[in-house]
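Have a look at the structure below, then the notes.
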Amino acid sequence: MQKLSYEVGEVSQPLFKETIIKNLKRVVEKSGKQDALIVNAQNYRVTYNEFFKEIQNAAKALVALGVEKGDRVGIWAPNRYEWVIIQYATAYIGAILVNINPAYRKNELRFALNQSEIKHLIMSKGFRMTNYVEMIESVSPETKHLESWIVIDEEWESFIKAGESVTLEEIDTIEASLNYEDPINIQYTSGTTGFPKGATLTHMNILNNGFFIGERLNYSDIDRVCIPVPFYHCFGMVLGNMAITTHGACMVIPGEAFDPEIVMQTVQEEKCTSLYGVPMMFIAELNHPNFNNYDFSSLRTGIMAGSSCPEETMKEIQQKMNMTEVSICYGMTETSPVSTQTFIHDPLEKRVATVGKVHPHLEIKVIDPETKEILPRNQQGEFCTKGYSVMKGYWNNDEATKQVVEDGWMHTGDLAIMDDEGYVKIVGRIKDMIIRGGENISPFEIEEYLQTHAKIESVQVIGVPSFKYGEEVMAWVKLKNGCTVSEEELHDFCKGQIATFKIPKYWKFVDSFPATVTGKIRKIEMREIASKELNLKEERIKK
């Protein structure tokens, strides 16, 4: 009888059935004097004892602000120590942290504030060329629930000081009333279709997922983990922070955003043992002109996720960066996020060609998308996962939840193949979601915005191959009769309204779109045409 594409994770290590703070308290008792969080850009360095005290102070400040259990608190900032403090402080009092992408523009910010009903927003003054204060002042009149916002750069100290009116007993009483199945985090994802949806995650979801990620990396309190990936994304706050604190290891933050040289400098100065990134980050480090000036001898492991890793890049990471135990992770925000992960001693081909094996306490299967039957091994079908990691649901969107979660199974929309050993290979997506540098981008969202341009009749957005980002965004545009428009004009139309990473890099003006006899747009054919044209264009440039 043919073996089916179904695997169950081992269960020898029981799940944590406790809150994030109860878990952290035990870690502090054991590793209190160890380094917990280092942010050189802010000249910030604390031990676990100091880290926990700062979390308590921030939790008291939130209570003084009027935050109650279940209230949504937004965090809108790049990577900085206050982000981490707020992550754990909200968990302390049962508030639901809502991650807001630092790249969001007005439309996206307004949507997130209203959809998740954020009452209080903790935010940076700005990031890169964007003034957050001007933006929040502009959109706040159009929000229904927002009561206050605190600008970290100017008001953090006064915010913390206001918490002195709240006692430690008060926040401990709140914490004692919490349940590990309470929602604790909302992360917006484009998912597989449509507008962003707020994946609602619990203490149990992210605490356990973080722990088992760290277990597969063999983390302990001697590890120092460099995290250049963003906190607003599950890569930063779960694979990063939660995997690290559950093991008493140290979080090392190189800067607000990715800079290859600062990352390499941080690894050397802090003697990091682990480094994270999407493939494009590692490629940028390896190809940096000053790469050979840095010492990577302290590294042993790390995580690469977001898109597939070229074999040569993996070889270079192992040989030139000393990361012989690097691991590949696969998952989605809706599953907290990791469902499969390679082991640190897996052969090179498994770490390049696959995304590893099932995580503990989870079930995975590959099914026929039409019949829903589990397929035999080595056949392509939809990847599904089930277990503690599956989200509570999309916030205020039961209909969208029902579309992807069935009998506890999360239907990912990804096409996968499971081999005879249980290793999974992701080979594509059923839906049209674009993954650019680890960012999930909904074509529909971009299409809806571009459709508001006065000269556009219709538009279709696709992802095209990119060596650097995995995929780039491309828009096929059909203009209204008699209208003309330049690529620059359309780019400017998007600028400041949708996130920079969502703005199409490529534009193609057409009279019609490839379609089936029933009128359904054939995006597969569009991608094939675009890929050939872009390759020919590159060849002409080289000649």
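Residue numbers start at 1 in each chain; chains themselves are named A, B, ... in the order of the structure tokens; ligands are numbered from 1 in the order shown.
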
### Task
Please run DSSP on the backbone and report, as a list in words, all residues within stretch 82-125 of chain A that come out as strand (DSSP E).
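Checking each residue of stretch 82-125 of chain A, the strand (DSSP E) ones are Ile96, Leu97, Val98, Asn99, Ile118, Lys119, His120, Leu121, Ile122 and Met123 of chain A.
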
### Message
List the spatial neighbours of A:Ser116 as a PyMOL selection string - criterion: any atom at most 9 Å away, only C-alpha atoms, same-chain residues fewer than 6 positions off excluded.
### Response
chain A and resi 72+98+186+198+395-396

Preceding selection exported with C-alpha atoms as a CSV table (one decimal), in the first residue's frame:
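Contents of the output file result-v7.csv:
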chain,number,residue,atom,x,y,z
A,72,ARG,CA,-6.2,46.3,21.3
A,98,VAL,CA,-1.6,44.6,17.1
A,186,ILE,CA,-3.1,40.3,15.9
A,198,GLY,CA,-5.9,40.0,11.3
A,395,TRP,CA,-10.2,39.1,13.8
A,396,ASN,CA,-13.8,40.1,13.3

Within 12 Å of stretch 350-372 of chain A: each stretch 108-212 of chain A residue with its shortest pair, only C-alpha atoms, as CSV:
residue,atom,partner,partner_atom,distance
A:Asn205,CA,A:His361,CA,11.6
A:Asn208,CA,A:Pro360,CA,9.6
A:Asn209,CA,A:His359,CA,8.6
A:Gly210,CA,A:His359,CA,11.1
A:Phe211,CA,A:Pro360,CA,10.4
A:Phe212,CA,A:Pro360,CA,7.1

#### Entry: Nearest to A:Tyr6, chosen from A:Phe493, A:Trp76, A:Tyr423, A:Tyr92, with only C-alpha atoms counted in the distances
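Result for the nearest residue to A:Tyr6: A:Tyr423.
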
### Task
Find the residues near A:Val390: any atom within 8 Å, counting only C-alpha atoms, skip ones fewer than 4 places away on the same chain, and give them as a list in words.
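Contacts, in chain order: Asn205, Glu334, Thr335, Ser336, Thr385, Lys386, Gly408, Trp409 and Met410 of chain A.
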
Residue selection dump (C-alpha atoms) as a PDB file, in the first residue's frame:
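This is the output file result-v9.pdb:
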ATOM      1  CA  ASN A 205       0.108  29.672  19.877  1.00  0.00           C
ATOM      2  CA  GLU A 334      -2.029  31.981  10.650  1.00  0.00           C
ATOM      3  CA  THR A 335      -0.048  29.052  12.103  1.00  0.00           C
ATOM      4  CA  SER A 336       2.012  31.057  14.589  1.00  0.00           C
ATOM      5  CA  THR A 385      -1.552  21.825   9.017  1.00  0.00           C
ATOM      6  CA  LYS A 386      -3.412  21.161  12.251  1.00  0.00           C
ATOM      7  CA  GLY A 408      -9.110  22.346  12.649  1.00  0.00           C
ATOM      8  CA  TRP A 409      -7.010  22.083   9.483  1.00  0.00           C
ATOM      9  CA  MET A 410      -5.428  25.258   8.130  1.00  0.00           C
TER      10      MET A 410
END

### Task
Name the closest residue to A:Ile426 among the candidates A:Ser442, A:Gln379, A:Ser531, A:Ser308; distances are taken between atoms, counting only C-alpha atoms.
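Between A:Ser442, A:Gln379, A:Ser531, A:Ser308, the residue approaching A:Ile426 most closely is A:Ser308.
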
### Message
Applying 9 Å and only C-alpha atoms, which residues near A:Leu146 remain after dropping the ones on its own chain fewer than 5 positions away? List them as a list in words.
### Response
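The residues satisfying every condition are Leu113, Asn114, Glu117, Ile118, Lys119, His120, Leu121 and Ser140 of chain A.
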
### Task
Take atom CA of A:Met237 and atom CA of A:Asp407 and report the distance between them in Å, one decimal.
28.0 Å

### Query
If we count only C-alpha atoms, what is near A:Glu54 at a cut-off of 10 Å, once residues fewer than 2 positions away on the same chain are taken out, given as a list in words?
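Near A:Glu54, the qualifying residues are Val46, Tyr48, Asn49, Glu50, Phe51, Phe52, Gln56, Asn57, Ala58, Ala59, Lys60, Glu82, Ile85, Ile86, Tyr88, Ala89 and Ile160 of chain A.
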
Could you list, as a PDB file with all heavy atoms, in the first residue's frame, every residue within 12 Å of A:Ile524, counting only C-alpha atoms and ignoring same-chain residues fewer than 2 positions away?
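part.pdb was written with the following content:
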ATOM      1  N   GLY A 428       4.805  25.953  -5.066  1.00  0.00           N
ATOM      2  CA  GLY A 428       4.003  27.014  -5.671  1.00  0.00           C
ATOM      3  C   GLY A 428       2.822  27.366  -4.787  1.00  0.00           C
ATOM      4  O   GLY A 428       2.749  26.963  -3.627  1.00  0.00           O
ATOM      5  N   ARG A 429       1.898  28.141  -5.335  1.00  0.00           N
ATOM      6  CA  ARG A 429       0.718  28.549  -4.584  1.00  0.00           C
ATOM      7  C   ARG A 429      -0.536  28.378  -5.426  1.00  0.00           C
ATOM      8  O   ARG A 429      -0.537  28.662  -6.618  1.00  0.00           O
ATOM      9  CB  ARG A 429       0.847  30.011  -4.125  1.00  0.00           C
ATOM     10  CG  ARG A 429       1.894  30.193  -3.058  1.00  0.00           C
ATOM     11  CD  ARG A 429       1.946  31.639  -2.584  1.00  0.00           C
ATOM     12  NE  ARG A 429       2.293  32.573  -3.643  1.00  0.00           N
ATOM     13  CZ  ARG A 429       3.544  32.754  -4.079  1.00  0.00           C
ATOM     14  NH1 ARG A 429       4.526  32.041  -3.593  1.00  0.00           N
ATOM     15  NH2 ARG A 429       3.803  33.635  -5.021  1.00  0.00           N
ATOM     16  N   ILE A 430      -1.584  27.922  -4.784  1.00  0.00           N
ATOM     17  CA  ILE A 430      -2.850  27.765  -5.487  1.00  0.00           C
ATOM     18  C   ILE A 430      -3.400  29.142  -5.836  1.00  0.00           C
ATOM     19  O   ILE A 430      -3.857  29.399  -6.940  1.00  0.00           O
ATOM     20  CB  ILE A 430      -3.865  26.986  -4.615  1.00  0.00           C
ATOM     21  CG1 ILE A 430      -3.344  25.568  -4.362  1.00  0.00           C
ATOM     22  CG2 ILE A 430      -5.237  26.942  -5.286  1.00  0.00           C
ATOM     23  CD1 ILE A 430      -4.151  24.793  -3.357  1.00  0.00           C
ATOM     24  N   LYS A 431      -3.324  30.023  -4.901  1.00  0.00           N
ATOM     25  CA  LYS A 431      -3.808  31.384  -5.124  1.00  0.00           C
ATOM     26  C   LYS A 431      -2.681  32.227  -5.699  1.00  0.00           C
ATOM     27  O   LYS A 431      -1.570  31.754  -5.938  1.00  0.00           O
ATOM     28  CB  LYS A 431      -4.327  31.982  -3.821  1.00  0.00           C
ATOM     29  CG  LYS A 431      -5.431  31.170  -3.172  1.00  0.00           C
ATOM     30  CD  LYS A 431      -6.693  31.127  -4.005  1.00  0.00           C
ATOM     31  CE  LYS A 431      -7.801  30.362  -3.305  1.00  0.00           C
ATOM     32  NZ  LYS A 431      -9.028  30.293  -4.112  1.00  0.00           N
ATOM     33  N   ASP A 432      -2.923  33.490  -5.849  1.00  0.00           N
ATOM     34  CA  ASP A 432      -1.980  34.361  -6.547  1.00  0.00           C
ATOM     35  C   ASP A 432      -1.124  35.238  -5.643  1.00  0.00           C
ATOM     36  O   ASP A 432      -0.496  36.180  -6.118  1.00  0.00           O
ATOM     37  CB  ASP A 432      -2.759  35.277  -7.509  1.00  0.00           C
ATOM     38  CG  ASP A 432      -3.444  34.486  -8.604  1.00  0.00           C
ATOM     39  OD1 ASP A 432      -2.823  33.550  -9.122  1.00  0.00           O
ATOM     40  OD2 ASP A 432      -4.601  34.803  -8.923  1.00  0.00           O
ATOM     41  N   GLN A 460      -4.342  44.067 -13.666  1.00  0.00           N
ATOM     42  CA  GLN A 460      -4.071  42.765 -13.071  1.00  0.00           C
ATOM     43  C   GLN A 460      -2.636  42.774 -12.541  1.00  0.00           C
ATOM     44  O   GLN A 460      -1.718  43.200 -13.237  1.00  0.00           O
ATOM     45  CB  GLN A 460      -4.230  41.635 -14.095  1.00  0.00           C
ATOM     46  CG  GLN A 460      -5.640  41.463 -14.620  1.00  0.00           C
ATOM     47  CD  GLN A 460      -6.590  40.940 -13.563  1.00  0.00           C
ATOM     48  OE1 GLN A 460      -6.207  40.174 -12.687  1.00  0.00           O
ATOM     49  NE2 GLN A 460      -7.850  41.366 -13.647  1.00  0.00           N
ATOM     50  N   VAL A 461      -2.476  42.312 -11.307  1.00  0.00           N
ATOM     51  CA  VAL A 461      -1.158  42.321 -10.668  1.00  0.00           C
ATOM     52  C   VAL A 461      -0.678  40.888 -10.460  1.00  0.00           C
ATOM     53  O   VAL A 461      -1.433  40.028 -10.001  1.00  0.00           O
ATOM     54  CB  VAL A 461      -1.210  43.081  -9.318  1.00  0.00           C
ATOM     55  CG1 VAL A 461       0.102  42.912  -8.551  1.00  0.00           C
ATOM     56  CG2 VAL A 461      -1.513  44.555  -9.558  1.00  0.00           C
ATOM     57  N   ILE A 462       0.578  40.647 -10.795  1.00  0.00           N
ATOM     58  CA  ILE A 462       1.177  39.316 -10.647  1.00  0.00           C
ATOM     59  C   ILE A 462       2.555  39.429 -10.002  1.00  0.00           C
ATOM     60  O   ILE A 462       3.123  40.526  -9.896  1.00  0.00           O
ATOM     61  CB  ILE A 462       1.328  38.594 -12.014  1.00  0.00           C
ATOM     62  CG1 ILE A 462       2.218  39.417 -12.954  1.00  0.00           C
ATOM     63  CG2 ILE A 462      -0.032  38.315 -12.621  1.00  0.00           C
ATOM     64  CD1 ILE A 462       2.575  38.704 -14.248  1.00  0.00           C
ATOM     65  N   GLY A 463       3.073  38.279  -9.601  1.00  0.00           N
ATOM     66  CA  GLY A 463       4.454  38.219  -9.119  1.00  0.00           C
ATOM     67  C   GLY A 463       5.320  37.613 -10.197  1.00  0.00           C
ATOM     68  O   GLY A 463       4.927  36.662 -10.871  1.00  0.00           O
ATOM     69  N   VAL A 464       6.509  38.204 -10.398  1.00  0.00           N
ATOM     70  CA  VAL A 464       7.459  37.666 -11.376  1.00  0.00           C
ATOM     71  C   VAL A 464       8.760  37.331 -10.659  1.00  0.00           C
ATOM     72  O   VAL A 464       9.083  37.933  -9.631  1.00  0.00           O
ATOM     73  CB  VAL A 464       7.709  38.672 -12.526  1.00  0.00           C
ATOM     74  CG1 VAL A 464       6.460  38.836 -13.365  1.00  0.00           C
ATOM     75  CG2 VAL A 464       8.173  40.021 -11.994  1.00  0.00           C
ATOM     76  N   PHE A 513      -6.193  40.964 -21.540  1.00  0.00           N
ATOM     77  CA  PHE A 513      -5.492  40.028 -20.673  1.00  0.00           C
ATOM     78  C   PHE A 513      -5.748  38.601 -21.131  1.00  0.00           C
ATOM     79  O   PHE A 513      -6.850  38.306 -21.620  1.00  0.00           O
ATOM     80  CB  PHE A 513      -5.989  40.175 -19.222  1.00  0.00           C
ATOM     81  CG  PHE A 513      -5.862  41.558 -18.658  1.00  0.00           C
ATOM     82  CD1 PHE A 513      -6.957  42.403 -18.618  1.00  0.00           C
ATOM     83  CD2 PHE A 513      -4.656  42.017 -18.176  1.00  0.00           C
ATOM     84  CE1 PHE A 513      -6.860  43.683 -18.098  1.00  0.00           C
ATOM     85  CE2 PHE A 513      -4.536  43.296 -17.652  1.00  0.00           C
ATOM     86  CZ  PHE A 513      -5.648  44.132 -17.613  1.00  0.00           C
ATOM     87  N   PRO A 514      -4.763  37.702 -20.986  1.00  0.00           N
ATOM     88  CA  PRO A 514      -5.023  36.287 -21.289  1.00  0.00           C
ATOM     89  C   PRO A 514      -6.184  35.794 -20.431  1.00  0.00           C
ATOM     90  O   PRO A 514      -6.225  36.042 -19.228  1.00  0.00           O
ATOM     91  CB  PRO A 514      -3.720  35.592 -20.895  1.00  0.00           C
ATOM     92  CG  PRO A 514      -2.687  36.673 -20.883  1.00  0.00           C
ATOM     93  CD  PRO A 514      -3.405  37.923 -20.487  1.00  0.00           C
ATOM     94  N   ALA A 515      -7.150  35.106 -21.060  1.00  0.00           N
ATOM     95  CA  ALA A 515      -8.329  34.672 -20.305  1.00  0.00           C
ATOM     96  C   ALA A 515      -8.850  33.346 -20.843  1.00  0.00           C
ATOM     97  O   ALA A 515      -8.574  32.961 -21.976  1.00  0.00           O
ATOM     98  CB  ALA A 515      -9.422  35.728 -20.386  1.00  0.00           C
ATOM     99  N   THR A 516      -9.597  32.658 -19.998  1.00  0.00           N
ATOM    100  CA  THR A 516     -10.245  31.413 -20.406  1.00  0.00           C
ATOM    101  C   THR A 516     -11.494  31.755 -21.213  1.00  0.00           C
ATOM    102  O   THR A 516     -11.893  32.935 -21.305  1.00  0.00           O
ATOM    103  CB  THR A 516     -10.655  30.582 -19.180  1.00  0.00           C
ATOM    104  OG1 THR A 516     -11.654  31.309 -18.447  1.00  0.00           O
ATOM    105  CG2 THR A 516      -9.458  30.304 -18.284  1.00  0.00           C
ATOM    106  N   LYS A 520     -12.249  34.086 -17.258  1.00  0.00           N
ATOM    107  CA  LYS A 520     -11.382  34.112 -16.079  1.00  0.00           C
ATOM    108  C   LYS A 520      -9.953  34.437 -16.496  1.00  0.00           C
ATOM    109  O   LYS A 520      -9.404  33.822 -17.405  1.00  0.00           O
ATOM    110  CB  LYS A 520     -11.420  32.751 -15.371  1.00  0.00           C
ATOM    111  CG  LYS A 520     -10.647  32.736 -14.071  1.00  0.00           C
ATOM    112  CD  LYS A 520     -10.782  31.393 -13.368  1.00  0.00           C
ATOM    113  CE  LYS A 520     -10.006  31.396 -12.067  1.00  0.00           C
ATOM    114  NZ  LYS A 520     -10.111  30.091 -11.359  1.00  0.00           N
ATOM    115  N   ILE A 521      -9.360  35.410 -15.840  1.00  0.00           N
ATOM    116  CA  ILE A 521      -8.009  35.839 -16.173  1.00  0.00           C
ATOM    117  C   ILE A 521      -7.010  34.727 -15.866  1.00  0.00           C
ATOM    118  O   ILE A 521      -7.027  34.135 -14.794  1.00  0.00           O
ATOM    119  CB  ILE A 521      -7.614  37.115 -15.384  1.00  0.00           C
ATOM    120  CG1 ILE A 521      -8.614  38.253 -15.652  1.00  0.00           C
ATOM    121  CG2 ILE A 521      -6.197  37.549 -15.732  1.00  0.00           C
ATOM    122  CD1 ILE A 521      -8.684  38.688 -17.089  1.00  0.00           C
ATOM    123  N   ARG A 522      -6.130  34.461 -16.832  1.00  0.00           N
ATOM    124  CA  ARG A 522      -5.123  33.414 -16.663  1.00  0.00           C
ATOM    125  C   ARG A 522      -3.808  34.043 -16.190  1.00  0.00           C
ATOM    126  O   ARG A 522      -2.944  34.390 -16.992  1.00  0.00           O
ATOM    127  CB  ARG A 522      -4.919  32.651 -17.971  1.00  0.00           C
ATOM    128  CG  ARG A 522      -6.055  31.705 -18.297  1.00  0.00           C
ATOM    129  CD  ARG A 522      -5.767  30.895 -19.563  1.00  0.00           C
ATOM    130  NE  ARG A 522      -4.443  30.298 -19.576  1.00  0.00           N
ATOM    131  CZ  ARG A 522      -4.112  29.185 -18.923  1.00  0.00           C
ATOM    132  NH1 ARG A 522      -5.022  28.554 -18.178  1.00  0.00           N
ATOM    133  NH2 ARG A 522      -2.896  28.694 -19.004  1.00  0.00           N
ATOM    134  N   MET A 526       0.049  34.890 -17.747  1.00  0.00           N
ATOM    135  CA  MET A 526       0.650  36.219 -17.629  1.00  0.00           C
ATOM    136  C   MET A 526       2.056  36.134 -17.048  1.00  0.00           C
ATOM    137  O   MET A 526       2.981  36.803 -17.516  1.00  0.00           O
ATOM    138  CB  MET A 526      -0.224  37.118 -16.739  1.00  0.00           C
ATOM    139  CG  MET A 526      -1.537  37.537 -17.365  1.00  0.00           C
ATOM    140  SD  MET A 526      -2.648  38.347 -16.184  1.00  0.00           S
ATOM    141  CE  MET A 526      -1.661  39.758 -15.695  1.00  0.00           C
ATOM    142  N   ARG A 527       2.213  35.303 -16.007  1.00  0.00           N
ATOM    143  CA  ARG A 527       3.533  35.147 -15.391  1.00  0.00           C
ATOM    144  C   ARG A 527       4.541  34.553 -16.374  1.00  0.00           C
ATOM    145  O   ARG A 527       5.710  34.948 -16.408  1.00  0.00           O
ATOM    146  CB  ARG A 527       3.423  34.275 -14.132  1.00  0.00           C
ATOM    147  CG  ARG A 527       2.949  35.050 -12.910  1.00  0.00           C
ATOM    148  CD  ARG A 527       3.065  34.220 -11.645  1.00  0.00           C
ATOM    149  NE  ARG A 527       2.043  33.191 -11.560  1.00  0.00           N
ATOM    150  CZ  ARG A 527       0.866  33.344 -10.976  1.00  0.00           C
ATOM    151  NH1 ARG A 527       0.555  34.493 -10.415  1.00  0.00           N
ATOM    152  NH2 ARG A 527      -0.011  32.358 -10.934  1.00  0.00           N
ATOM    153  N   GLU A 528       4.083  33.572 -17.171  1.00  0.00           N
ATOM    154  CA  GLU A 528       4.977  32.948 -18.158  1.00  0.00           C
ATOM    155  C   GLU A 528       5.436  33.958 -19.198  1.00  0.00           C
ATOM    156  O   GLU A 528       6.625  34.036 -19.528  1.00  0.00           O
ATOM    157  CB  GLU A 528       4.253  31.787 -18.852  1.00  0.00           C
ATOM    158  CG  GLU A 528       4.016  30.589 -17.934  1.00  0.00           C
ATOM    159  CD  GLU A 528       3.118  29.533 -18.575  1.00  0.00           C
ATOM    160  OE1 GLU A 528       2.581  29.807 -19.682  1.00  0.00           O
ATOM    161  OE2 GLU A 528       2.947  28.449 -17.977  1.00  0.00           O
ATOM    162  N   ILE A 529       4.497  34.762 -19.705  1.00  0.00           N
ATOM    163  CA  ILE A 529       4.823  35.784 -20.702  1.00  0.00           C
ATOM    164  C   ILE A 529       5.793  36.811 -20.112  1.00  0.00           C
ATOM    165  O   ILE A 529       6.815  37.162 -20.722  1.00  0.00           O
ATOM    166  CB  ILE A 529       3.546  36.486 -21.198  1.00  0.00           C
ATOM    167  CG1 ILE A 529       2.663  35.513 -21.995  1.00  0.00           C
ATOM    168  CG2 ILE A 529       3.888  37.712 -22.049  1.00  0.00           C
ATOM    169  CD1 ILE A 529       1.265  36.021 -22.285  1.00  0.00           C
ATOM    170  N   ALA A 530       5.467  37.294 -18.910  1.00  0.00           N
ATOM    171  CA  ALA A 530       6.287  38.331 -18.274  1.00  0.00           C
ATOM    172  C   ALA A 530       7.691  37.821 -17.979  1.00  0.00           C
ATOM    173  O   ALA A 530       8.676  38.543 -18.186  1.00  0.00           O
ATOM    174  CB  ALA A 530       5.618  38.800 -16.991  1.00  0.00           C
ATOM    175  N   SER A 531       7.799  36.585 -17.505  1.00  0.00           N
ATOM    176  CA  SER A 531       9.112  36.020 -17.178  1.00  0.00           C
ATOM    177  C   SER A 531       9.995  35.957 -18.413  1.00  0.00           C
ATOM    178  O   SER A 531      11.179  36.301 -18.367  1.00  0.00           O
ATOM    179  CB  SER A 531       8.961  34.625 -16.572  1.00  0.00           C
ATOM    180  OG  SER A 531       8.279  34.693 -15.341  1.00  0.00           O
TER     181      SER A 531
END

#### Entry: Residues of stretch 307-396 of chain A in alpha helix (DSSP H), written as a count of residues only
16

### Query
Smallest atom-to-atom distance to A:Phe231: which of A:Glu256, A:Glu269, A:Glu447, A:Asp295, using only C-alpha atoms?
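Ranked by minimum distance to A:Phe231, first place goes to A:Glu256.
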
### Query
Quick one: distance from atom CA of A:Cys250 to atom CA of A:Asn43 in Å, one decimal?
15.4 Å

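Remark: for A:Gly438, the closest of the candidate residues A:Phe235, A:Pro289, A:Ile374, A:Thr500 is A:Phe235 (distances computed over only C-alpha atoms).
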
### Message
If I take atom CA of A:Met204 and atom CA of A:Thr19, how far is one from the other in Å, to one decimal?
### Response
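Spanning atom CA of A:Met204 to atom CA of A:Thr19 is a straight-line distance of 7.0 Å.
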
#### Entry: Spatial neighbours of stretch 132-137 of chain A, max dist 12 Å, only C-alpha atoms, sep filter under 6 positions, as a PyMOL selection string
chain A and resi 75-78+100-110+113+120-126+143+146-154+496-497

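Among the candidates A:Ala64, A:Thr245, A:Val485, A:Trp83, the one nearest to A:Lys161 when counting only C-alpha atoms is A:Ala64.
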
With stretch 342-346 of chain A as the partner and 9 Å as the cut-off, tabulate the residues of stretch 159-234 of chain A that qualify, each row holding the nearest pair of atoms and their distance in Å to one decimal, using only C-alpha atoms, sorted by chain and rising number, as CSV.
residue,atom,partner,partner_atom,distance
A:Arg216,CA,A:Phe343,CA,6.1
A:Leu217,CA,A:Ile344,CA,6.3
A:Asn218,CA,A:Ile344,CA,8.2

### Task
Considering only C-alpha atoms, state which residue in the set A:Ala416, A:Val427, A:Leu37, A:Ile441 is at the smallest distance from A:Pro504.
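For A:Pro504, the nearest of the given residues is A:Ile441.
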